[in-house]
Each structure stands twice: as C-alpha cells, then as structure tokens.
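Containing mmCIF, C-alpha atoms: target_3.cif.
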```cif
data_coords
#
loop_
_atom_site.label_atom_id
_atom_site.label_comp_id
_atom_site.auth_asym_id
_atom_site.auth_seq_id
_atom_site.Cartn_x
_atom_site.Cartn_y
_atom_site.Cartn_z
CA MET A 1 0.00 0.00 0.00
CA SER A 2 1.51 3.32 -1.04
CA ALA A 3 1.80 6.29 1.31
CA GLN A 4 -0.62 8.20 -0.95
CA ALA A 5 -3.24 5.43 -0.69
CA ASP A 6 -2.84 5.55 3.07
CA GLN A 7 -3.29 9.32 3.09
CA LEU A 8 -6.44 8.95 1.00
CA SER A 9 -7.82 6.35 3.45
CA ALA A 10 -7.00 8.68 6.37
CA THR A 11 -8.79 11.57 4.62
CA PHE A 12 -11.95 9.58 3.81
CA SER A 13 -11.94 8.02 7.27
CA ALA A 14 -11.71 11.47 8.90
CA LEU A 15 -14.67 12.66 6.79
CA ALA A 16 -16.79 9.63 7.73
CA ASP A 17 -18.26 11.30 10.81
CA PRO A 18 -20.86 14.10 11.01
CA THR A 19 -19.18 15.80 14.02
CA ARG A 20 -15.82 15.91 12.25
CA ARG A 21 -17.45 17.30 9.10
CA ALA A 22 -19.21 19.92 11.27
CA ILE A 23 -15.85 20.87 12.86
CA LEU A 24 -14.39 21.39 9.37
CA ALA A 25 -17.44 23.45 8.36
CA ARG A 26 -16.89 25.65 11.46
CA LEU A 27 -13.16 26.03 10.71
CA ALA A 28 -13.99 27.02 7.12
CA LYS A 29 -15.27 30.29 8.67
CA GLY A 30 -11.97 30.90 10.46
CA GLN A 31 -9.66 29.46 13.11
CA ALA A 32 -11.08 28.49 16.52
CA SER A 33 -9.92 27.18 19.90
CA VAL A 34 -10.96 23.72 21.10
CA THR A 35 -13.34 25.37 23.60
CA GLU A 36 -14.99 27.38 20.81
CA LEU A 37 -15.27 24.24 18.69
CA ALA A 38 -16.81 22.23 21.56
CA GLN A 39 -19.58 24.80 22.28
CA PRO A 40 -22.17 23.99 19.59
CA PHE A 41 -21.79 20.22 19.93
CA ASP A 42 -22.87 19.50 23.51
CA MET A 43 -19.90 17.13 23.77
CA THR A 44 -17.20 16.78 26.41
CA MET A 45 -13.80 18.30 25.73
CA PRO A 46 -12.13 14.86 25.57
CA ALA A 47 -14.68 13.75 22.95
CA ILE A 48 -14.00 16.83 20.81
CA SER A 49 -10.22 16.42 21.32
CA LYS A 50 -10.47 12.84 20.04
CA HIS A 51 -12.22 14.01 16.85
CA LEU A 52 -9.62 16.77 16.45
CA LYS A 53 -6.80 14.24 16.71
CA VAL A 54 -8.32 12.21 13.85
CA LEU A 55 -8.57 15.39 11.77
CA GLU A 56 -5.00 16.38 12.68
CA ARG A 57 -3.60 12.95 11.79
CA ALA A 58 -5.33 13.22 8.40
CA GLY A 59 -3.72 16.65 7.97
CA LEU A 60 -7.10 18.38 7.72
CA VAL A 61 -6.60 20.46 10.86
CA GLU A 62 -3.46 22.21 12.04
CA ARG A 63 -2.87 23.48 15.57
CA GLY A 64 -1.12 26.73 16.46
CA ARG A 65 2.15 26.58 18.38
CA GLU A 66 1.29 28.94 21.25
CA ALA A 67 1.45 27.05 24.58
CA GLN A 68 -1.91 28.16 25.98
CA TYR A 69 -4.14 29.11 23.08
CA ARG A 70 -3.51 26.65 20.26
CA PRO A 71 -6.04 27.66 17.62
CA CYS A 72 -7.22 25.06 15.10
CA THR A 73 -6.98 25.92 11.40
CA LEU A 74 -8.49 24.10 8.45
CA ASN A 75 -6.02 22.71 5.95
CA GLY A 76 -7.83 21.79 2.74
CA ARG A 77 -4.85 20.27 0.94
CA PRO A 78 -5.70 16.57 1.64
CA LEU A 79 -9.16 17.18 0.16
CA LYS A 80 -7.63 17.76 -3.27
CA ASP A 81 -6.69 14.08 -3.73
CA ALA A 82 -10.03 12.96 -2.29
CA ASP A 83 -11.79 15.24 -4.78
CA GLU A 84 -9.72 13.93 -7.68
CA TRP A 85 -10.43 10.32 -6.72
CA ILE A 86 -14.19 10.91 -6.60
CA GLU A 87 -14.23 12.99 -9.79
CA ARG A 88 -13.02 9.94 -11.78
CA TYR A 89 -16.45 8.42 -11.10
CA ARG A 90 -18.46 11.47 -12.15
CA ARG A 91 -19.90 9.73 -15.24
CA PHE A 92 -21.35 7.02 -12.94
CA TRP A 93 -23.53 9.43 -10.99
CA GLU A 94 -24.37 11.52 -14.03
CA GLN A 95 -25.40 8.35 -15.89
CA SER A 96 -27.51 7.18 -12.98
CA LEU A 97 -29.18 10.62 -12.77
CA ASP A 98 -29.81 10.41 -16.52
CA ARG A 99 -31.46 7.03 -15.97
CA LEU A 100 -33.56 8.47 -13.10
CA ASP A 101 -34.48 11.39 -15.36
CA ALA A 102 -35.55 9.04 -18.15
CA TYR A 103 -37.58 7.00 -15.65
CA LEU A 104 -39.32 10.14 -14.32
CA ARG A 105 -40.06 11.26 -17.90
CA ASP A 106 -41.57 7.81 -18.57
CA LEU A 107 -43.72 8.09 -15.43
CA GLN A 108 -44.84 11.59 -16.40
CA GLY A 109 -45.64 10.41 -19.94
CA ALA A 110 -47.70 7.52 -18.56
CA ALA A 111 -49.53 9.88 -16.15
CA GLU A 112 -50.34 12.25 -19.00
CA ARG A 113 -51.59 9.46 -21.23
CA ARG A 114 -53.77 8.23 -18.33
CA LYS A 115 -55.12 11.78 -17.75
CA TYR A 116 -55.91 12.09 -21.47
CA GLU A 117 -57.70 8.73 -21.50
CA VAL A 118 -59.74 9.60 -18.39
CA GLN A 119 -60.74 12.97 -19.93
CA LYS A 120 -61.55 11.33 -23.26
CA ASP A 121 -63.60 8.72 -21.44
CA LYS A 122 -65.51 11.43 -19.52
CA GLY A 123 -66.11 13.37 -22.72
CA GLU A 124 -67.51 10.28 -24.40
CA LYS A 125 -69.78 9.62 -21.42
CA ARG A 126 -71.02 13.24 -21.50
CA HIS A 127 -71.91 12.92 -25.16
CA GLY A 128 -73.63 9.62 -24.48
CA ARG A 129 -71.31 7.76 -26.75
CA ASN A 130 -70.54 5.22 -24.04
CA LYS A 131 -72.51 1.99 -23.92
CA MET B 1 -28.29 13.25 12.78
CA SER B 2 -30.18 13.31 9.48
CA ALA B 3 -30.44 10.31 7.18
CA GLN B 4 -28.45 12.25 4.58
CA ALA B 5 -25.57 12.84 7.03
CA ASP B 6 -25.59 9.12 7.80
CA GLN B 7 -25.46 8.27 4.11
CA LEU B 8 -22.51 10.62 3.66
CA SER B 9 -20.69 8.98 6.59
CA ALA B 10 -21.38 5.55 5.09
CA THR B 11 -20.03 6.69 1.72
CA PHE B 12 -16.81 8.20 3.12
CA SER B 13 -16.34 5.22 5.42
CA ALA B 14 -16.68 2.80 2.48
CA LEU B 15 -14.06 4.80 0.54
CA ALA B 16 -11.62 4.78 3.48
CA ASP B 17 -9.98 1.52 2.41
CA PRO B 18 -7.61 0.88 -0.53
CA THR B 19 -9.11 -2.57 -1.31
CA ARG B 20 -12.62 -1.16 -1.47
CA ARG B 21 -11.44 1.70 -3.70
CA ALA B 22 -9.69 -0.87 -5.94
CA ILE B 23 -12.93 -2.90 -6.14
CA LEU B 24 -14.79 0.23 -7.30
CA ALA B 25 -12.03 0.96 -9.83
CA ARG B 26 -12.43 -2.60 -11.20
CA LEU B 27 -16.23 -2.27 -11.38
CA ALA B 28 -15.86 1.04 -13.22
CA LYS B 29 -14.70 -1.12 -16.16
CA GLY B 30 -17.83 -3.27 -16.01
CA GLN B 31 -19.74 -5.68 -13.78
CA ALA B 32 -17.92 -8.64 -12.20
CA SER B 33 -18.60 -11.69 -10.05
CA VAL B 34 -17.17 -11.94 -6.53
CA THR B 35 -14.68 -14.58 -7.80
CA GLU B 36 -13.50 -12.21 -10.55
CA LEU B 37 -13.17 -9.40 -8.02
CA ALA B 38 -11.19 -11.57 -5.59
CA GLN B 39 -8.58 -12.65 -8.20
CA PRO B 40 -6.22 -9.64 -8.30
CA PHE B 41 -6.26 -9.15 -4.52
CA ASP B 42 -4.77 -12.34 -3.11
CA MET B 43 -7.50 -12.27 -0.46
CA THR B 44 -9.87 -14.96 0.75
CA MET B 45 -13.45 -14.92 -0.53
CA PRO B 46 -14.85 -14.09 2.95
CA ALA B 47 -12.49 -11.09 3.17
CA ILE B 48 -13.64 -9.81 -0.24
CA SER B 49 -17.28 -10.50 0.66
CA LYS B 50 -16.88 -8.41 3.80
CA HIS B 51 -15.57 -5.45 1.77
CA LEU B 52 -18.41 -5.91 -0.73
CA LYS B 53 -20.98 -5.82 2.07
CA VAL B 54 -19.59 -2.44 3.23
CA LEU B 55 -19.81 -1.15 -0.35
CA GLU B 56 -23.35 -2.56 -0.74
CA ARG B 57 -24.56 -0.99 2.52
CA ALA B 58 -23.19 2.36 1.32
CA GLY B 59 -25.12 1.83 -1.93
CA LEU B 60 -21.93 1.95 -4.02
CA VAL B 61 -22.27 -1.63 -5.26
CA GLU B 62 -25.40 -3.44 -6.36
CA ARG B 63 -25.73 -7.21 -6.74
CA GLY B 64 -27.62 -9.00 -9.48
CA ARG B 65 -30.63 -11.11 -8.56
CA GLU B 66 -29.71 -14.38 -10.28
CA ALA B 67 -29.38 -17.15 -7.68
CA GLN B 68 -25.98 -18.50 -8.76
CA TYR B 69 -24.16 -15.73 -10.56
CA ARG B 70 -24.83 -12.45 -8.78
CA PRO B 71 -22.68 -9.93 -10.63
CA CYS B 72 -21.57 -6.76 -8.81
CA THR B 73 -22.27 -3.41 -10.46
CA LEU B 74 -20.94 -0.01 -9.53
CA ASN B 75 -23.53 2.56 -8.49
CA GLY B 76 -21.99 6.02 -8.51
CA ARG B 77 -25.01 7.88 -7.14
CA PRO B 78 -23.79 8.16 -3.49
CA LEU B 79 -20.56 9.71 -4.77
CA LYS B 80 -22.48 12.77 -5.96
CA ASP B 81 -23.16 14.01 -2.40
CA ALA B 82 -19.61 13.17 -1.33
CA ASP B 83 -18.31 15.18 -4.27
CA GLU B 84 -20.57 18.12 -3.46
CA TRP B 85 -19.46 18.10 0.18
CA ILE B 86 -15.77 18.14 -0.75
CA GLU B 87 -16.24 20.75 -3.49
CA ARG B 88 -17.38 23.30 -0.87
CA TYR B 89 -13.78 23.27 0.42
CA ARG B 90 -12.13 23.74 -2.98
CA ARG B 91 -10.89 27.26 -2.14
CA PHE B 92 -9.00 25.77 0.83
CA TRP B 93 -6.82 23.52 -1.27
CA GLU B 94 -6.49 26.02 -4.07
CA GLN B 95 -5.39 28.65 -1.51
CA SER B 96 -2.85 26.30 0.02
CA LEU B 97 -1.51 25.44 -3.44
CA ASP B 98 -1.29 29.18 -4.18
CA ARG B 99 0.76 29.58 -0.99
CA LEU B 100 3.01 26.67 -2.01
CA ASP B 101 3.36 28.21 -5.46
CA ALA B 102 4.33 31.59 -3.96
CA TYR B 103 6.85 29.84 -1.71
CA LEU B 104 8.39 27.96 -4.66
CA ARG B 105 8.56 31.20 -6.66
CA ASP B 106 10.34 32.82 -3.69
CA LEU B 107 12.81 29.92 -3.54
CA GLN B 108 13.40 30.14 -7.29
CA GLY B 109 13.89 33.91 -7.07
CA ALA B 110 16.42 33.46 -4.26
CA ALA B 111 18.25 30.76 -6.26
CA GLU B 112 18.39 33.03 -9.32
CA ARG B 113 19.67 35.97 -7.29
CA ARG B 114 22.32 33.70 -5.77
CA LYS B 115 23.31 32.44 -9.29
CA TYR B 116 23.56 36.06 -10.52
CA GLU B 117 25.71 37.04 -7.52
CA VAL B 118 28.04 34.05 -8.01
CA GLN B 119 28.41 34.86 -11.74
CA LYS B 120 28.97 38.57 -10.98
CA ASP B 121 31.55 37.62 -8.38
CA LYS B 122 33.35 35.32 -10.86
CA GLY B 123 33.28 38.07 -13.51
CA GLU B 124 34.77 40.56 -11.10
CA LYS B 125 37.49 38.08 -10.16
CA ARG B 126 38.26 37.46 -13.87
CA HIS B 127 38.61 41.20 -14.48
CA GLY B 128 40.78 41.52 -11.37
CA ARG B 129 38.32 43.85 -9.74
CA ASN B 130 38.22 41.72 -6.60
CA LYS B 131 40.47 42.63 -3.70
#
```

Can the structure in the file be given as structure tokens, please?
Amino acid sequence: MSAQADQLSATFSALADPTRRAILARLAKGQASVTELAQPFDMTMPAISKHLKVLERAGLVERGREAQYRPCTLNGRPLKDADEWIERYRRFWEQSLDRLDAYLRDLQGAAERRKYEVQKDKGEKRHGRNK
Amino acid sequence: MSAQADQLSATFSALADPTRRAILARLAKGQASVTELAQPFDMTMPAISKHLKVLERAGLVERGREAQYRPCTLNGRPLKDADEWIERYRRFWEQSLDRLDAYLRDLQGAAERRKYEVQKDKGEKRHGRNK
C-alpha cells in the first residue's frame, strides 16, 4: 500500500463522521480554539479532542504553536486528492441521474396518457357515446 | 443526525480503504462476479465478501438477482453528495496550493539571485576587480 493510498484512506476516514465534518465546516469560517469548537456540539472536551486528533492525523486540521491558546486551522490540501479520486467516477452518478431522469419522464408520460384517457372517457360519457 | 448525514458517513467510510477503492475501480470497467473481483487481490473470498458488504450498505455496489451468478455493479449515485461536500472546500486547497506556489517562486527567485551574484563575483574576479 503506497503512502498516498494511506493518506487517502485517512482523509476519507476522517470525513466519515458528522461531528468531524461539522468541525471542518466551522473552521472554514476561520480558526477556533478547542473550547470554541466544543460549544455547539454538547460534547465533552475529551470527545472533541479525540475528533480533532483524527482530523489532525489526516492533515485536515493544524494546531497553532502557542502554549496556551492553540487555535485550530483548516487545511484543505488533503481534500484535493479525495476530490480527484471521486471525480473519476463522475460519469457514474451523471449516468444514474440520466437514468432516473428518463424514468421520471416515462412516469410523467404515462400519467399524462392516463389523464388524457380519463378525460376522453368522460367526454364520451357526456356525449352519451358510451354503452 | 439526518439520514443524509448518515449516508454521507457511510459513503466516506466505504471509501476509506484501498481494497474497497480498488474494487470500485475494477467495477468502473464493467460488472464482475465476486470470484473475478477476488482474483487480483490475493485475499480470501470471505475477506472480499466483507468489503463488498460495506460497499453494498453504502449503496456503491449493487448485486444481481440471479441465484448462482450475482454480478456486482458499480452505483456512482452516493458519490455525488460526497463530491458536493468536498467541493465546498475547494478554495482551501487552491489557496494552500497558491501559498506553495508563492513559496516555490520565492525559492526560485532566491536561487536566481544567488546564481547572478556568483556569476557577478566570478566576472569581477576574472577582471581583477576583486580585492
């Protein structure tokens, strides 16, 4: 397993948690201390610290060097490779959306034909052409 | 936690393994049986089956319905949300690459200045202008 493959696994693994994704979303607005990060989550500091360690190991978060206040900063660089990996599969979700689109068009077509038949049927009844 | 957040976690978690990413890369070329998928990996069938189950639960792989031969097919749809999530952070890796670029330009500039100074120094020595 290459170092790059490992990095990619670490990135995806770090993203596989809603709290960690929320921490990154918060840091996208600017750097924050661990206390500031913990506030909206109703989680203990050790729990938040654990999530931060996962993000740090994946290189997605960097900590400042000041002894007391060590602000967390988002580092988006590892996301580049993750983005490139996923982008290779773009045609597979575009294709499947095309198929869904075709299916919905079929459904709509069928609904319209049904509506037309019902109206036609009513019209025939009104004009007494029905047996 | 919303169902969508859960789906995103399942997707990223499924991608956080080089074997599972390799299985998806193989399926991108066309459907395959579990035996065909196991071949290049030098892994036992139960080990491959376990990876496939993770991919199936994340909705990234679908299995055929035929009793004996149940081919695996890639389903790229869950990757769309993962791609959209990552894309929101694009400026963070582009920024960091810009910073790296600026740093490399600085290094190159310093190297060129040094080269110029060395050449100037040699020239001065050649013309006996050096003390």

- Item | Shell of 10 Å around stretch 80-94 of chain A, only C-alpha atoms, local chain residues under 4 positions omitted, as a PyMOL selection string | (chain A and resi 4-5+7-9+11-12+76+98-100) or (chain B and resi 12+15+21+24-25+28+74-87+89-90+92-94+97)

I'm after chain B in the frame of chain A: fit it by least squares over all Cα atoms matched in order, and give me the output as a PDB file with C-alpha atoms, keeping the file's coordinate frame.
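Final output, out.pdb:
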```
ATOM      1  CA  MET B   1       0.237   0.182  -0.192  1.00  0.00           C
ATOM      2  CA  SER B   2       1.691   3.544  -1.215  1.00  0.00           C
ATOM      3  CA  ALA B   3       1.932   6.505   1.137  1.00  0.00           C
ATOM      4  CA  GLN B   4      -0.529   8.359  -1.097  1.00  0.00           C
ATOM      5  CA  ALA B   5      -3.126   5.565  -0.781  1.00  0.00           C
ATOM      6  CA  ASP B   6      -2.678   5.707   2.989  1.00  0.00           C
ATOM      7  CA  GLN B   7      -3.187   9.462   2.992  1.00  0.00           C
ATOM      8  CA  LEU B   8      -6.368   9.045   0.959  1.00  0.00           C
ATOM      9  CA  SER B   9      -7.658   6.423   3.418  1.00  0.00           C
ATOM     10  CA  ALA B  10      -6.855   8.756   6.316  1.00  0.00           C
ATOM     11  CA  THR B  11      -8.708  11.607   4.608  1.00  0.00           C
ATOM     12  CA  PHE B  12     -11.852   9.576   3.837  1.00  0.00           C
ATOM     13  CA  SER B  13     -11.766   8.015   7.294  1.00  0.00           C
ATOM     14  CA  ALA B  14     -11.577  11.465   8.930  1.00  0.00           C
ATOM     15  CA  LEU B  15     -14.585  12.604   6.860  1.00  0.00           C
ATOM     16  CA  ALA B  16     -16.631   9.525   7.827  1.00  0.00           C
ATOM     17  CA  ASP B  17     -18.093  11.171  10.928  1.00  0.00           C
ATOM     18  CA  PRO B  18     -20.741  13.929  11.156  1.00  0.00           C
ATOM     19  CA  THR B  19     -19.047  15.652  14.143  1.00  0.00           C
ATOM     20  CA  ARG B  20     -15.724  15.820  12.337  1.00  0.00           C
ATOM     21  CA  ARG B  21     -17.421  17.177   9.203  1.00  0.00           C
ATOM     22  CA  ALA B  22     -19.198  19.779  11.385  1.00  0.00           C
ATOM     23  CA  ILE B  23     -15.839  20.777  12.928  1.00  0.00           C
ATOM     24  CA  LEU B  24     -14.424  21.338   9.423  1.00  0.00           C
ATOM     25  CA  ALA B  25     -17.530  23.335   8.465  1.00  0.00           C
ATOM     26  CA  ARG B  26     -16.986  25.545  11.552  1.00  0.00           C
ATOM     27  CA  LEU B  27     -13.282  26.018  10.752  1.00  0.00           C
ATOM     28  CA  ALA B  28     -14.171  26.972   7.177  1.00  0.00           C
ATOM     29  CA  LYS B  29     -15.488  30.211   8.736  1.00  0.00           C
ATOM     30  CA  GLY B  30     -12.184  30.888  10.487  1.00  0.00           C
ATOM     31  CA  GLN B  31      -9.805  29.496  13.101  1.00  0.00           C
ATOM     32  CA  ALA B  32     -11.144  28.492  16.532  1.00  0.00           C
ATOM     33  CA  SER B  33      -9.934  27.208  19.890  1.00  0.00           C
ATOM     34  CA  VAL B  34     -10.889  23.724  21.093  1.00  0.00           C
ATOM     35  CA  THR B  35     -13.271  25.331  23.647  1.00  0.00           C
ATOM     36  CA  GLU B  36     -14.989  27.308  20.870  1.00  0.00           C
ATOM     37  CA  LEU B  37     -15.254  24.162  18.762  1.00  0.00           C
ATOM     38  CA  ALA B  38     -16.716  22.134  21.640  1.00  0.00           C
ATOM     39  CA  GLN B  39     -19.522  24.653  22.396  1.00  0.00           C
ATOM     40  CA  PRO B  40     -22.135  23.799  19.735  1.00  0.00           C
ATOM     41  CA  PHE B  41     -21.672  20.035  20.111  1.00  0.00           C
ATOM     42  CA  ASP B  42     -22.686  19.283  23.688  1.00  0.00           C
ATOM     43  CA  MET B  43     -19.666  16.977  23.904  1.00  0.00           C
ATOM     44  CA  THR B  44     -16.934  16.683  26.505  1.00  0.00           C
ATOM     45  CA  MET B  45     -13.558  18.266  25.762  1.00  0.00           C
ATOM     46  CA  PRO B  46     -11.818  14.845  25.584  1.00  0.00           C
ATOM     47  CA  ALA B  47     -14.391  13.685  23.006  1.00  0.00           C
ATOM     48  CA  ILE B  48     -13.791  16.789  20.863  1.00  0.00           C
ATOM     49  CA  SER B  49     -10.020  16.445  21.313  1.00  0.00           C
ATOM     50  CA  LYS B  50     -10.214  12.875  20.048  1.00  0.00           C
ATOM     51  CA  HIS B  51     -12.024  14.002  16.877  1.00  0.00           C
ATOM     52  CA  LEU B  52      -9.486  16.809  16.428  1.00  0.00           C
ATOM     53  CA  LYS B  53      -6.608  14.338  16.677  1.00  0.00           C
ATOM     54  CA  VAL B  54      -8.140  12.275  13.831  1.00  0.00           C
ATOM     55  CA  LEU B  55      -8.480  15.450  11.748  1.00  0.00           C
ATOM     56  CA  GLU B  56      -4.904  16.513  12.614  1.00  0.00           C
ATOM     57  CA  ARG B  57      -3.445  13.111  11.693  1.00  0.00           C
ATOM     58  CA  ALA B  58      -5.247  13.337   8.340  1.00  0.00           C
ATOM     59  CA  GLY B  59      -3.694  16.795   7.894  1.00  0.00           C
ATOM     60  CA  LEU B  60      -7.116  18.469   7.675  1.00  0.00           C
ATOM     61  CA  VAL B  61      -6.613  20.552  10.818  1.00  0.00           C
ATOM     62  CA  GLU B  62      -3.494  22.357  11.957  1.00  0.00           C
ATOM     63  CA  ARG B  63      -2.878  23.653  15.480  1.00  0.00           C
ATOM     64  CA  GLY B  64      -1.189  26.914  16.373  1.00  0.00           C
ATOM     65  CA  ARG B  65       2.088  26.826  18.273  1.00  0.00           C
ATOM     66  CA  GLU B  66       1.258  29.174  21.154  1.00  0.00           C
ATOM     67  CA  ALA B  67       1.501  27.287  24.459  1.00  0.00           C
ATOM     68  CA  GLN B  68      -1.872  28.314  25.914  1.00  0.00           C
ATOM     69  CA  TYR B  69      -4.141  29.214  23.038  1.00  0.00           C
ATOM     70  CA  ARG B  70      -3.551  26.780  20.191  1.00  0.00           C
ATOM     71  CA  PRO B  71      -6.130  27.755  17.584  1.00  0.00           C
ATOM     72  CA  CYS B  72      -7.286  25.133  15.058  1.00  0.00           C
ATOM     73  CA  THR B  73      -7.097  26.000  11.364  1.00  0.00           C
ATOM     74  CA  LEU B  74      -8.600  24.161   8.439  1.00  0.00           C
ATOM     75  CA  ASN B  75      -6.142  22.802   5.889  1.00  0.00           C
ATOM     76  CA  GLY B  76      -7.975  21.846   2.716  1.00  0.00           C
ATOM     77  CA  ARG B  77      -4.988  20.380   0.878  1.00  0.00           C
ATOM     78  CA  PRO B  78      -5.767  16.665   1.573  1.00  0.00           C
ATOM     79  CA  LEU B  79      -9.256  17.213   0.158  1.00  0.00           C
ATOM     80  CA  LYS B  80      -7.779  17.826  -3.292  1.00  0.00           C
ATOM     81  CA  ASP B  81      -6.778  14.159  -3.766  1.00  0.00           C
ATOM     82  CA  ALA B  82     -10.079  12.972  -2.300  1.00  0.00           C
ATOM     83  CA  ASP B  83     -11.907  15.206  -4.759  1.00  0.00           C
ATOM     84  CA  GLU B  84      -9.836  13.948  -7.681  1.00  0.00           C
ATOM     85  CA  TRP B  85     -10.481  10.326  -6.710  1.00  0.00           C
ATOM     86  CA  ILE B  86     -14.246  10.848  -6.532  1.00  0.00           C
ATOM     87  CA  GLU B  87     -14.354  12.922  -9.730  1.00  0.00           C
ATOM     88  CA  ARG B  88     -13.131   9.897 -11.736  1.00  0.00           C
ATOM     89  CA  TYR B  89     -16.527   8.300 -10.999  1.00  0.00           C
ATOM     90  CA  ARG B  90     -18.620  11.310 -12.031  1.00  0.00           C
ATOM     91  CA  ARG B  91     -20.056   9.538 -15.102  1.00  0.00           C
ATOM     92  CA  PHE B  92     -21.424   6.835 -12.771  1.00  0.00           C
ATOM     93  CA  TRP B  93     -23.637   9.182 -10.817  1.00  0.00           C
ATOM     94  CA  GLU B  94     -24.532  11.260 -13.830  1.00  0.00           C
ATOM     95  CA  GLN B  95     -25.538   8.052 -15.668  1.00  0.00           C
ATOM     96  CA  SER B  96     -27.649   6.880 -12.755  1.00  0.00           C
ATOM     97  CA  LEU B  97     -29.324  10.295 -12.550  1.00  0.00           C
ATOM     98  CA  ASP B  98     -29.967  10.099 -16.309  1.00  0.00           C
ATOM     99  CA  ARG B  99     -31.635   6.718 -15.738  1.00  0.00           C
ATOM    100  CA  LEU B 100     -33.725   8.171 -12.893  1.00  0.00           C
ATOM    101  CA  ASP B 101     -34.635  11.104 -15.122  1.00  0.00           C
ATOM    102  CA  ALA B 102     -35.710   8.755 -17.940  1.00  0.00           C
ATOM    103  CA  TYR B 103     -37.766   6.746 -15.447  1.00  0.00           C
ATOM    104  CA  LEU B 104     -39.484   9.891 -14.118  1.00  0.00           C
ATOM    105  CA  ARG B 105     -40.189  11.036 -17.684  1.00  0.00           C
ATOM    106  CA  ASP B 106     -41.726   7.604 -18.373  1.00  0.00           C
ATOM    107  CA  LEU B 107     -43.889   7.903 -15.249  1.00  0.00           C
ATOM    108  CA  GLN B 108     -44.956  11.416 -16.241  1.00  0.00           C
ATOM    109  CA  GLY B 109     -45.750  10.258 -19.781  1.00  0.00           C
ATOM    110  CA  ALA B 110     -47.863   7.399 -18.417  1.00  0.00           C
ATOM    111  CA  ALA B 111     -49.677   9.791 -16.046  1.00  0.00           C
ATOM    112  CA  GLU B 112     -50.397  12.194 -18.918  1.00  0.00           C
ATOM    113  CA  ARG B 113     -51.673   9.407 -21.154  1.00  0.00           C
ATOM    114  CA  ARG B 114     -53.902   8.214 -18.308  1.00  0.00           C
ATOM    115  CA  LYS B 115     -55.203  11.817 -17.771  1.00  0.00           C
ATOM    116  CA  TYR B 116     -55.925  12.120 -21.521  1.00  0.00           C
ATOM    117  CA  GLU B 117     -57.767   8.774 -21.542  1.00  0.00           C
ATOM    118  CA  VAL B 118     -59.863   9.727 -18.491  1.00  0.00           C
ATOM    119  CA  GLN B 119     -60.762  13.102 -20.075  1.00  0.00           C
ATOM    120  CA  LYS B 120     -61.553  11.430 -23.427  1.00  0.00           C
ATOM    121  CA  ASP B 121     -63.697   8.887 -21.621  1.00  0.00           C
ATOM    122  CA  LYS B 122     -65.577  11.651 -19.749  1.00  0.00           C
ATOM    123  CA  GLY B 123     -66.081  13.565 -23.016  1.00  0.00           C
ATOM    124  CA  GLU B 124     -67.478  10.496 -24.707  1.00  0.00           C
ATOM    125  CA  LYS B 125     -69.828   9.907 -21.781  1.00  0.00           C
ATOM    126  CA  ARG B 126     -70.992  13.563 -21.931  1.00  0.00           C
ATOM    127  CA  HIS B 127     -71.748  13.228 -25.646  1.00  0.00           C
ATOM    128  CA  GLY B 128     -73.537   9.932 -25.001  1.00  0.00           C
ATOM    129  CA  ARG B 129     -71.112   8.047 -27.171  1.00  0.00           C
ATOM    130  CA  ASN B 130     -70.435   5.530 -24.413  1.00  0.00           C
ATOM    131  CA  LYS B 131     -72.381   2.288 -24.377  1.00  0.00           C
TER     132      LYS B 131
END
```

- Query: What does the distance from atom CA of B:His51 to atom CA of B:Ser13 come to in Å, to one decimal?
  - Reply: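 A separation of 11.3 Å between them.
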
- Task: Please write as an MDAnalysis selection string the full residue list that the PyMOL selection byres ((chain A and resi 34-41) around 12) yields on this file.
- Result: (chainID A and resid 18:20 22:33 42:53 61:64 68:73) or (chainID B and resid 1)

- Message: To one decimal place in Å, what is the distance between atom CA of B:Arg65 and atom CA of A:Gln108?
- Response: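 Straight-line distance from atom CA of B:Arg65 to atom CA of A:Gln108 works out to 27.9 Å.
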
- Given the choices A:Lys122, A:Leu55, A:Ala110, A:Gln95, which gets closest to chain B if the distance is worked out from only C-alpha atoms? A:Gln95

For stretch 102-108 of chain B, take all atoms listed in the file, fit an axis-aligned box around them, add 6 Å to each of the six sides, then output centre and edge lengths in Å rounded to one decimal, as JSON.
```
{"center_x": 8.9, "center_y": 30.4, "center_z": -4.5, "size_x": 21.1, "size_y": 16.9, "size_z": 17.6}
```

- From atom CA of B:Glu66 to atom CA of B:Ala14 the spacing works out at 25.1 Å
